[in-house]
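Trainee: Pasting a structure below so you can have a look.
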Amino acid sequence: MFGLIKTWKALEAKGIMGINRRNADYVLKYNKRSLYPIVDDKIITKQRAIDAGIHVPELYGIIETEKEIDKLNEIIGEHNDFVIKPAQGAGGDGITVIADRFEGRYKTVSGKIVTHEELEHQISSILTGLYSLGGHRDRALIEYRVTPDQIFKSISYEGVPDIRIIVLMGYPVMAMLRLPTRQSNGKANLHQGAIGVGVDLATGITLRGTWLNNKIVKHPDTNNAVDGVQLPNWDGFMKLAAGCYELCGLGYIGVDMVLDQDKGPLILELNARPGLNIQIANDCGLVHRTHAVEARLEELKKKGVKDSVEERVRFSQQLFGHVHPAES
Amino acid sequence: MRSLNLHLKVLITLLVTLGVLITAYQIFILGIPVTEDETDDLWNIDAKVEFQANPREPVKVQMFVPPLNQDYVSLNESFISNNYGVSVNRVDGNRRVTWSARRASGKQTLYYRLVLTKRYSGEQAKPKGPIFRDSIPVEGAEKIAAEALLAPIRQHSADVETFIGETIKRVNNANDDNVKLLMAGDASTPNKARIIELLLSIAHVPMERVHTIRLIGEQPQSPELWLRSFNGDKWLYFNPETGEQGMPADRLMWWIGDDPLVAVEGGKQAQVSFTLNNSEMNAIRLAKLTDENTDVDFLEYSLYGLPLSTQQTYQIMIMIPIGVLVILVLRNLIGIQTLGTFTPVLIALAFRETQLGFGIVLFTLITALGLSLRSYLEHLKLQMLPRLSVVLTFVVVLIAVISLLSHKLGLERGLSVALFPMVILTMTIERLSITWEERGGGHAMKVGVGTIIAASLAHVLMNVPELTYFVFTFPAVLLVLVGFMLAMGRYRGYRLTELFRFKAFLKD
């Protein structure tokens, strides 16, 4: 009992955010329920992003009804690789990634050959709501297939690593690189076994990471050190994430981005209830940082001005960046 | 944000205060017992009247019965007699039962039975009584003796109360010559009462005889004589033997006045014997019984005013918030993950039918089988509604098979499963399988176990009889509960499991 109280105090001192605090002070306070569809439906997110001039994987087409499945060929056109996704899927379910064509058929990333009819059946399943939460009717989107930048080759296992930045009222607060592992089956979801690696907000250099609630230094599959890697185009990521506030209107979000080898930073999706393990990855609590941002907002409100995206990024980088990893 | 907090605080304070006040009012002002085990004495008084009837003569027996306008409440009253007509009438603050028969012969036995309790009486009427009377005429030596006795009494008393007390004390002094003369060798209580009345009448103090029965079990007894006098404000009771003032709590006033207890016409050797015994009864049931016999209506607007069958439903229903509270604490304070928010409460309700241990086994068995069916159906790529229908049908068949098997094996417990809500099971299976697919088997297991733990805990708590009684009797407690839930709505501390989840931070 006494040990627990000590743990509590220590966590509190480090500013670690718990689920109750996240929900009460941030999610409920800053995220209006009516805006949730913007982040829950990947098609709406994408269209908003396109309208706002924010980079997303190019949308090849949307299929809404069974009849429109006939247009699949037209939508794919000359593209050799593409991704089929349910608009409201969760946890990466129902996603088919086609890497190449093979004699009139398609080849998935894992090397499996599928026919055109099988693809059509897959889309039909998506439309009936097989992958959407609660089984609602859904839409299928066909989009550009992201090729991860070579930089991740050494510290990643299969799949597409993505970058998650927590953004409070447009101010980036904390960042993490998520690396799929053998255990997560190539998915970049932390509770499925992916690794989270902290990223310095100012420099874009990776810190140490977390795997299944533990702190780690090396990738369990590749055995390469995960820290000290310089992510390219880091300021681009920061601006992209900060701009997402204007995009969706939600005050507390997790922005998931990828680094495409040709197109640079792209927004994948937004999350209105971002997880808390990012704190372990960065070895740092969220509370102190969010309080600093809230103080800044208060100060600006008194002056009656608002920060631009660049100013917000600069503010966050100055205050939260340049962390010195603890000597091990 | 701050104004919202203030608003919430005010609301919580208001709800909790209201809940506590109402409950306190029920407990302290209305006197509703706090636990179900609280019992009250229930007195069963039998008066047996025996007499020898004269042949070929109509018989009429009159007996006083308690007037029942005091602190006692009668629950049941019966006159047991063969071939006798019975009528009860009120005379001068007394009640009198009259048994009559045209013809009776030989030994006759009549019974009067009264069941009463001392509780929940209504407002007392303001007592009224005489405060003046004429002197009883008395002559010669007796007059002189009486006046000789009265002189010191007057000196030693200040008011009616002390006057009577002093009088009784003097009369009980057997060595006093004046007393000896007045008593004329008869030291019985009625005679003493007669002399006390004489003395008091000379001082113009009115006095009445009160015949009481002592509420004590398993002891033959006859009515005990007490005296009472009205001092203008209330009745003062005196024991004519000791002069002690105030009637003990265990005395029941049977009748007032000089008449004998029983009067028989057409018979002789009338004899009345009393038998008393007491039993204990659940206080709230007693209150309900007395409620029918008195004008006390505090239970009228409680849940006890509902028909009995409805009450049973409400006894289950009113415990649901307790179950919900358990889930709230487990999820937000402890951090146990459960399937959905209130599924555990529904499962806990289902455990009512099956008992806990057996319920857990059944739940696990059916869910496991259902999950395997669900995963098989997954390969067929069915739409949600048909898929759910298949699972539900499967669950029904499964339950039927289990019932049949356990019945054949002689396990009657298995039959209870028939009422185990199937829709709850089906939804559990569906949700669990979705969790399985989205978050993996380990997580689904964790959630499943969490659900069982939460449901068991909620079930155990919802079935504590004392708690059920308390919440059912004092529903205002729910307001306090709501206050707590509101406060939980803005709880921002860590969950217990988070202390372990973030342990990594403390390693260096």
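Identifiers for the structure tokens are assigned positionally: chains receive A, B, ... in sequence, residues are indexed from 1 per chain, and ligands are indexed from 1 in the order shown.
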Quick one: residues within 12 Å of B:Asn173, only C-alpha atoms, excluding same-chain residues fewer than 6 positions away - as a list of chain:residue names?

Mentor: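 Non-adjacent residues within range: B:Leu149, B:Glu166, B:Thr167, B:Val179, B:Lys180, B:Leu182, B:Met183, B:Ala187, B:Lys192, B:Pro240, B:Glu241, B:Thr242, B:Gly243.
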
Trainee: With only C-alpha atoms counted and 10 Å as the cut-off, give the residues of chain B in contact with chain A, each with its shortest interatomic distance in Å and the pair that gives it, as JSON lines.

Mentor:
{"residue": "B:Met1", "atom": "CA", "partner": "A:Lys29", "partner_atom": "CA", "distance": 8.8}
{"residue": "B:Asn332", "atom": "CA", "partner": "A:Asn20", "partner_atom": "CA", "distance": 6.9}
{"residue": "B:Leu333", "atom": "CA", "partner": "A:Asn20", "partner_atom": "CA", "distance": 8.7}
{"residue": "B:Gly335", "atom": "CA", "partner": "A:Ile19", "partner_atom": "CA", "distance": 9.1}
{"residue": "B:Glu378", "atom": "CA", "partner": "A:Leu130", "partner_atom": "CA", "distance": 9.7}
{"residue": "B:Lys381", "atom": "CA", "partner": "A:Ser125", "partner_atom": "CA", "distance": 7.6}
{"residue": "B:Leu382", "atom": "CA", "partner": "A:Leu130", "partner_atom": "CA", "distance": 8.0}
{"residue": "B:Gln383", "atom": "CA", "partner": "A:Leu130", "partner_atom": "CA", "distance": 6.6}
{"residue": "B:Met384", "atom": "CA", "partner": "A:Gly135", "partner_atom": "CA", "distance": 6.1}
{"residue": "B:Leu385", "atom": "CA", "partner": "A:Gly135", "partner_atom": "CA", "distance": 8.7}
{"residue": "B:Arg431", "atom": "CA", "partner": "A:Gly134", "partner_atom": "CA", "distance": 9.3}
{"residue": "B:Ile434", "atom": "CA", "partner": "A:Leu133", "partner_atom": "CA", "distance": 8.6}
{"residue": "B:Glu437", "atom": "CA", "partner": "A:Asp93", "partner_atom": "CA", "distance": 8.5}
{"residue": "B:Glu438", "atom": "CA", "partner": "A:Gly91", "partner_atom": "CA", "distance": 5.8}
{"residue": "B:Arg439", "atom": "CA", "partner": "A:Gln192", "partner_atom": "CA", "distance": 6.6}
{"residue": "B:Gly440", "atom": "CA", "partner": "A:Gln192", "partner_atom": "CA", "distance": 7.2}
{"residue": "B:Gly442", "atom": "CA", "partner": "A:Gln192", "partner_atom": "CA", "distance": 9.9}
{"residue": "B:His443", "atom": "CA", "partner": "A:His191", "partner_atom": "CA", "distance": 9.0}
{"residue": "B:Met488", "atom": "CA", "partner": "A:Asn20", "partner_atom": "CA", "distance": 9.5}
{"residue": "B:Gly489", "atom": "CA", "partner": "A:Ala24", "partner_atom": "CA", "distance": 7.7}
{"residue": "B:Arg490", "atom": "CA", "partner": "A:Ala24", "partner_atom": "CA", "distance": 6.0}
{"residue": "B:Tyr491", "atom": "CA", "partner": "A:Asn20", "partner_atom": "CA", "distance": 6.5}
{"residue": "B:Arg492", "atom": "CA", "partner": "A:Arg21", "partner_atom": "CA", "distance": 4.1}
{"residue": "B:Gly493", "atom": "CA", "partner": "A:Asn20", "partner_atom": "CA", "distance": 6.4}
{"residue": "B:Tyr494", "atom": "CA", "partner": "A:Gly18", "partner_atom": "CA", "distance": 5.2}
{"residue": "B:Arg495", "atom": "CA", "partner": "A:Gly18", "partner_atom": "CA", "distance": 7.1}
{"residue": "B:Leu496", "atom": "CA", "partner": "A:Leu4", "partner_atom": "CA", "distance": 8.3}
{"residue": "B:Glu498", "atom": "CA", "partner": "A:Gly18", "partner_atom": "CA", "distance": 6.9}
{"residue": "B:Leu499", "atom": "CA", "partner": "A:Thr7", "partner_atom": "CA", "distance": 6.4}
{"residue": "B:Phe500", "atom": "CA", "partner": "A:Thr7", "partner_atom": "CA", "distance": 8.6}
{"residue": "B:Arg501", "atom": "CA", "partner": "A:Asn213", "partner_atom": "CA", "distance": 6.3}
{"residue": "B:Phe502", "atom": "CA", "partner": "A:Asn213", "partner_atom": "CA", "distance": 7.1}
{"residue": "B:Lys503", "atom": "CA", "partner": "A:Thr7", "partner_atom": "CA", "distance": 7.8}
{"residue": "B:Ala504", "atom": "CA", "partner": "A:Asn214", "partner_atom": "CA", "distance": 5.8}
{"residue": "B:Phe505", "atom": "CA", "partner": "A:Asp283", "partner_atom": "CA", "distance": 6.6}
{"residue": "B:Leu506", "atom": "CA", "partner": "A:Ala10", "partner_atom": "CA", "distance": 7.5}
{"residue": "B:Lys507", "atom": "CA", "partner": "A:Lys215", "partner_atom": "CA", "distance": 9.3}
{"residue": "B:Asp508", "atom": "CA", "partner": "A:Ser328", "partner_atom": "CA", "distance": 9.0}

Trainee: Between A:Thr290, A:Thr203, A:Ser308, A:Thr222, which residue has the minimum interatomic distance to A:Gly321, considering only C-alpha atoms?

Mentor: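 Ranking A:Thr290, A:Thr203, A:Ser308, A:Thr222 by distance to A:Gly321, first place goes to A:Thr203.
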
Trainee: Determine which residues of stretch 322-365 of chain B DSSP labels as helix (DSSP H, G or I) from the backbone of this structure, then write them out as a PyMOL selection string.

Mentor: chain B and resi 322-334+343-354+356-365

Trainee: Check the smallest atom-to-atom distance from each of A:Ala225, A:Leu59, A:Ile278, A:Ile98 to A:Arg164 using only C-alpha atoms, then report the winner.

Mentor: A:Ile278

Trainee: Give me every strand (DSSP E) residue in stretch 80-326 of chain A, going by DSSP on the backbone, as a ChimeraX atom specification.

Mentor: /A:82-86,96-102,105-108,113-114,140-144,162-168,171-179,195-199,206-211,214-216,252-260,264-271

Trainee: Select, from A:Leu141, A:Ile123, A:Asp235, A:Val146, the residue with the minimum atom-to-atom distance to A:Val109, counting only C-alpha atoms.

Mentor: A:Val146

Trainee: Taking 6 positions as the minimum chain separation for residues in the same chain, which residues sit within 7 Å of stretch 94-106 of chain B when counting only C-alpha atoms? Answer as an MDAnalysis selection string.

Mentor: chainID B and resid 52:67 83:88 255:256

Trainee: Residues as selected, N, CA and C atoms, written as a compact mmCIF listing (two decimals), in the first residue's frame, can you do that?

Mentor:
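In the end it all went to result.txt:
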# COMPACT_ATOMS: atom_id res chain seq x y z
N GLN B 52 -69.51 -21.67 35.23
CA GLN B 52 -70.48 -22.76 35.26
C GLN B 52 -71.82 -22.15 34.83
N ALA B 53 -72.35 -22.61 33.72
CA ALA B 53 -73.61 -22.03 33.24
C ALA B 53 -74.79 -22.66 33.98
N ASN B 54 -75.75 -21.80 34.28
CA ASN B 54 -76.97 -22.34 34.89
C ASN B 54 -77.81 -22.99 33.79
N PRO B 55 -78.35 -24.14 34.05
CA PRO B 55 -79.17 -24.79 33.03
C PRO B 55 -80.44 -24.00 32.75
N ARG B 56 -80.89 -24.06 31.52
CA ARG B 56 -82.14 -23.45 31.07
C ARG B 56 -82.22 -21.97 31.43
N GLU B 57 -81.19 -21.29 31.17
CA GLU B 57 -81.19 -19.85 31.42
C GLU B 57 -80.33 -19.19 30.35
N PRO B 58 -80.72 -18.04 29.83
CA PRO B 58 -79.82 -17.36 28.89
C PRO B 58 -78.55 -16.91 29.59
N VAL B 59 -77.45 -16.95 28.86
CA VAL B 59 -76.16 -16.60 29.46
C VAL B 59 -75.64 -15.31 28.83
N LYS B 60 -75.15 -14.44 29.68
CA LYS B 60 -74.56 -13.21 29.17
C LYS B 60 -73.29 -12.95 29.96
N VAL B 61 -72.17 -12.94 29.27
CA VAL B 61 -70.89 -12.71 29.93
C VAL B 61 -70.32 -11.39 29.44
N GLN B 62 -69.97 -10.54 30.35
CA GLN B 62 -69.37 -9.26 29.96
C GLN B 62 -67.97 -9.19 30.54
N MET B 63 -67.03 -8.83 29.69
CA MET B 63 -65.66 -8.73 30.17
C MET B 63 -65.01 -7.50 29.56
N PHE B 64 -64.20 -6.84 30.38
CA PHE B 64 -63.45 -5.71 29.86
C PHE B 64 -62.30 -6.20 29.00
N VAL B 65 -62.02 -5.48 27.93
CA VAL B 65 -60.81 -5.75 27.13
C VAL B 65 -60.07 -4.42 26.97
N PRO B 66 -58.79 -4.48 26.69
CA PRO B 66 -58.01 -3.23 26.65
C PRO B 66 -58.61 -2.22 25.67
N PRO B 67 -58.64 -0.97 26.07
CA PRO B 67 -59.24 0.07 25.23
C PRO B 67 -58.40 0.40 23.98
N ASN B 83 -71.01 -21.07 19.81
CA ASN B 83 -72.44 -20.79 20.02
C ASN B 83 -72.73 -19.52 20.79
N TYR B 84 -71.78 -18.62 20.85
CA TYR B 84 -72.04 -17.37 21.54
C TYR B 84 -72.05 -16.22 20.54
N GLY B 85 -72.96 -15.31 20.77
CA GLY B 85 -72.90 -14.08 19.99
C GLY B 85 -71.91 -13.15 20.66
N VAL B 86 -71.18 -12.38 19.85
CA VAL B 86 -70.17 -11.50 20.42
C VAL B 86 -70.44 -10.06 19.99
N SER B 87 -70.36 -9.14 20.92
CA SER B 87 -70.40 -7.73 20.55
C SER B 87 -69.45 -6.97 21.45
N VAL B 88 -68.84 -5.93 20.87
CA VAL B 88 -67.90 -5.11 21.63
C VAL B 88 -68.43 -3.70 21.67
N TRP B 255 -58.52 -2.21 32.04
CA TRP B 255 -59.75 -1.42 32.16
C TRP B 255 -59.66 -0.46 33.32
N ILE B 256 -60.56 0.52 33.34
CA ILE B 256 -60.55 1.57 34.36
C ILE B 256 -61.87 1.51 35.11

Trainee: Please list as a PyMOL selection string every residue within 7 Å of B:Ile213, counting only C-alpha atoms and excluding residues in the same chain fewer than 4 positions away.

Mentor: chain B and resi 223-224+251-254

Trainee: Show which residues sit within 6 Å of stretch 34-49 of chain A, as a list in words. Count only C-alpha atoms, and ignore same-chain residues fewer than 6 positions away.

Mentor: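 Near neighbours after the sequence-gap exclusion: Ala87, Gln88 and Leu270 of chain A.
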
Trainee: Write out as a short mmCIF file (atom, residue, chain, number, x, y, z; two decimals) with all heavy atoms, in the first residue's frame which residues come within 10 Å of B:Leu457 when counting only C-alpha atoms, dropping same-chain ones fewer than 6 positions away.

Mentor:
data_model
loop_
_atom_site.label_atom_id
_atom_site.label_comp_id
_atom_site.auth_asym_id
_atom_site.auth_seq_id
_atom_site.Cartn_x
_atom_site.Cartn_y
_atom_site.Cartn_z
N GLY B 323 -24.43 -2.08 -8.44
CA GLY B 323 -23.62 -2.83 -9.39
C GLY B 323 -22.87 -1.90 -10.32
O GLY B 323 -21.68 -2.08 -10.59
N VAL B 326 -19.94 -0.46 -8.69
CA VAL B 326 -18.82 -1.40 -8.66
C VAL B 326 -18.03 -1.30 -9.96
O VAL B 326 -16.80 -1.20 -9.95
CB VAL B 326 -19.33 -2.83 -8.44
CG1 VAL B 326 -18.20 -3.82 -8.61
CG2 VAL B 326 -19.94 -2.97 -7.06
N ILE B 327 -18.75 -1.30 -11.08
CA ILE B 327 -18.09 -1.23 -12.38
C ILE B 327 -17.31 0.07 -12.50
O ILE B 327 -16.17 0.11 -12.95
CB ILE B 327 -19.12 -1.32 -13.53
CG1 ILE B 327 -20.02 -2.54 -13.34
CG2 ILE B 327 -18.42 -1.36 -14.87
CD1 ILE B 327 -19.31 -3.84 -13.25
N LEU B 330 -14.23 -0.15 -10.40
CA LEU B 330 -13.27 -1.10 -10.98
C LEU B 330 -12.62 -0.52 -12.23
O LEU B 330 -11.44 -0.70 -12.45
CB LEU B 330 -13.97 -2.41 -11.33
CG LEU B 330 -14.26 -3.34 -10.16
CD1 LEU B 330 -14.90 -4.62 -10.66
CD2 LEU B 330 -12.99 -3.65 -9.40
N PRO B 344 -21.09 -6.19 -17.57
CA PRO B 344 -20.88 -6.93 -16.33
C PRO B 344 -22.09 -6.87 -15.38
O PRO B 344 -22.39 -7.85 -14.71
CB PRO B 344 -19.67 -6.23 -15.70
CG PRO B 344 -18.96 -5.62 -16.83
CD PRO B 344 -20.01 -5.22 -17.82
N VAL B 345 -22.77 -5.73 -15.35
CA VAL B 345 -23.94 -5.62 -14.47
C VAL B 345 -25.03 -6.58 -14.94
O VAL B 345 -25.68 -7.26 -14.14
CB VAL B 345 -24.47 -4.18 -14.45
CG1 VAL B 345 -25.68 -4.08 -13.55
CG2 VAL B 345 -23.40 -3.23 -14.00
N ALA B 348 -24.06 -9.94 -13.98
CA ALA B 348 -24.27 -10.09 -12.54
C ALA B 348 -25.75 -10.39 -12.25
O ALA B 348 -26.07 -11.24 -11.42
CB ALA B 348 -23.84 -8.82 -11.81
N LEU B 356 -23.48 -18.09 -8.10
CA LEU B 356 -22.23 -17.53 -8.60
C LEU B 356 -21.32 -18.56 -9.26
O LEU B 356 -21.00 -18.45 -10.44
CB LEU B 356 -21.51 -16.83 -7.45
CG LEU B 356 -20.32 -15.98 -7.88
CD1 LEU B 356 -20.77 -14.95 -8.88
CD2 LEU B 356 -19.70 -15.32 -6.69
N THR B 451 -14.20 -8.91 -17.02
CA THR B 451 -15.67 -8.88 -17.01
C THR B 451 -16.22 -9.82 -15.95
O THR B 451 -17.13 -9.47 -15.19
CB THR B 451 -16.22 -9.27 -18.39
OG1 THR B 451 -15.63 -8.42 -19.36
CG2 THR B 451 -17.72 -9.13 -18.45
N ASN B 463 -26.20 -8.70 -3.81
CA ASN B 463 -27.00 -9.70 -3.11
C ASN B 463 -26.73 -9.77 -1.62
O ASN B 463 -27.09 -10.74 -0.98
CB ASN B 463 -26.80 -11.06 -3.75
CG ASN B 463 -27.58 -11.16 -5.04
OD1 ASN B 463 -28.79 -11.20 -5.03
ND2 ASN B 463 -26.88 -11.15 -6.16
#

Trainee: For B:Leu303, which residue out of B:Leu198, B:Val210, B:Leu479, B:Met317 is the nearest one, using only C-alpha atoms?

Mentor: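 Closest to B:Leu303 of all the choices is B:Met317.
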
Trainee: Would you mind listing what lies within 9 Å of A:His116 as a PyMOL selection string, with only C-alpha atoms counted and same-chain residues fewer than 3 positions away left out?

Mentor: chain A and resi 73+104-106+119-121

Trainee: Measuring between only C-alpha atoms, which one of A:Asp260, A:Glu118, A:Asp81, A:Glu58 shows the shortest distance to A:Phe152?

Mentor: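 Of A:Asp260, A:Glu118, A:Asp81, A:Glu58, the one nearest A:Phe152 is A:Asp260, counting only C-alpha atoms.
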
Trainee: Give me, please, the distance in Å between atom CA of A:Glu269 and atom CA of B:Lys446, quoted to one decimal.

Mentor: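 We find that atom CA of A:Glu269 and atom CA of B:Lys446 lie 28.0 Å from each other.
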